[in-house]
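Below: one structure, written as structure tokens.
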Amino acid sequence: GVHLVQRVPPPLHLHLSTSLQPMTPAPLRLLCRVWFGATLAVACLLLGAATRVLHLLPISLELSEDLSVSTAAVLFRLMLRVNPQIRVINTAREADWDRLAACSPAMILMNHTSFFDFFLFTALLPPRFVRRAHVRTVMSASIAQLPFLGRSIGDHAGSFKVYFQAKGAGFGKGDASDFSVDRARQEAETARMEAHIKRRGVLAFCPEGGMNKTPSEGLNPFRRGSFAQAAKYSTPIWGAALHGSTAAWPRDALLGGDPSTVALSLEQLTLLPPPVATATAADLAEACQEAMQRQGDRPATLARGGARTEGGATRARAS
């Protein structure tokens, strides 16, 4: 069966829903978006150049991919650091990432409500964790086709593609209910994923299958197919809950950067009992959605005693 990991929430809470974010005058919001766009462009250009150089070096493919992901984490963290209008709260401790790496192979689930989610999650990935756990993401094949950046966050980073048949699916566009895939092309990616898991790598993906357009109504149903490898290989599953992304980058905006408070929390969602887990992919999808909904309903927390800044983000301090 599936064992949910019970966590007792800390005493103080900071809700990061869009409705509670401060109102920003239009001229200031425009200025923030222009600055954010400029810094994002610089980060993407540097990342594109760096991964292309790494891809040409006489090093192993795995190391090249690890360094590409690590470079993205450093550049996007620097990008957020020079955008002080976006306050970043990181409640994930180094010990949490170490525990995750120690139990690999593992999977990390992310909720997805805004284009900002990718940059926030990547920025808060510790490079040491990336190199130790060989974390790779699962993304829509359409994202990997983006000009210049697509190759850097796709092939160069070792990302696994999902070949949706519906145009724009999984990218906040198209038919949000159509998650059918090109089976012939997907089989090769599935084989790559399984090889990655067998090498004790970590997979990060959005189990809702695409951008949630109504996050206030809760998580969209988790796609059962996303948990096939977890059921087959009995991998532990963690949740990386992203808070406040729609305030930083509204879904209907061409560009983000609005003054806001965003956060990431990291929790282990399930424990699969050894030696053989009997949970099916459907069992895991249901259990993980229930656990991650609770994680998301508990707003990002600031523990008693305030917060301190560490690595460009505000990290909760233990009481």
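Chains: A, B, ... in order of the structure tokens. Residues: from 1 per chain. Ligands: from 1, in order shown.
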
Using only C-alpha atoms, which residues sit within 10 Å of stretch 213-224 of chain A once same-chain residues fewer than 5 positions away are excluded, as a ChimeraX atom specification?
/A:17-18,111-114,172-173,176,179,206-208,246,251,280-290,292-294,296-297

Let's see if you can do this: from backbone DSSP, list all strand (DSSP E or B) residues in stretch 71-167 of chain A, as a PyMOL selection string.
chain A and resi 86-90+106-110+135-140+160-162+164

For A:Arg77, the closest of A:Leu109, A:Leu266, A:Leu120, A:Ala102 counting only C-alpha atoms is A:Leu120

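Checking A:Thr122, A:Met211, A:Asp96, A:Met193 one by one against A:Ser226, counting only C-alpha atoms, you find the shortest gap at A:Met193.
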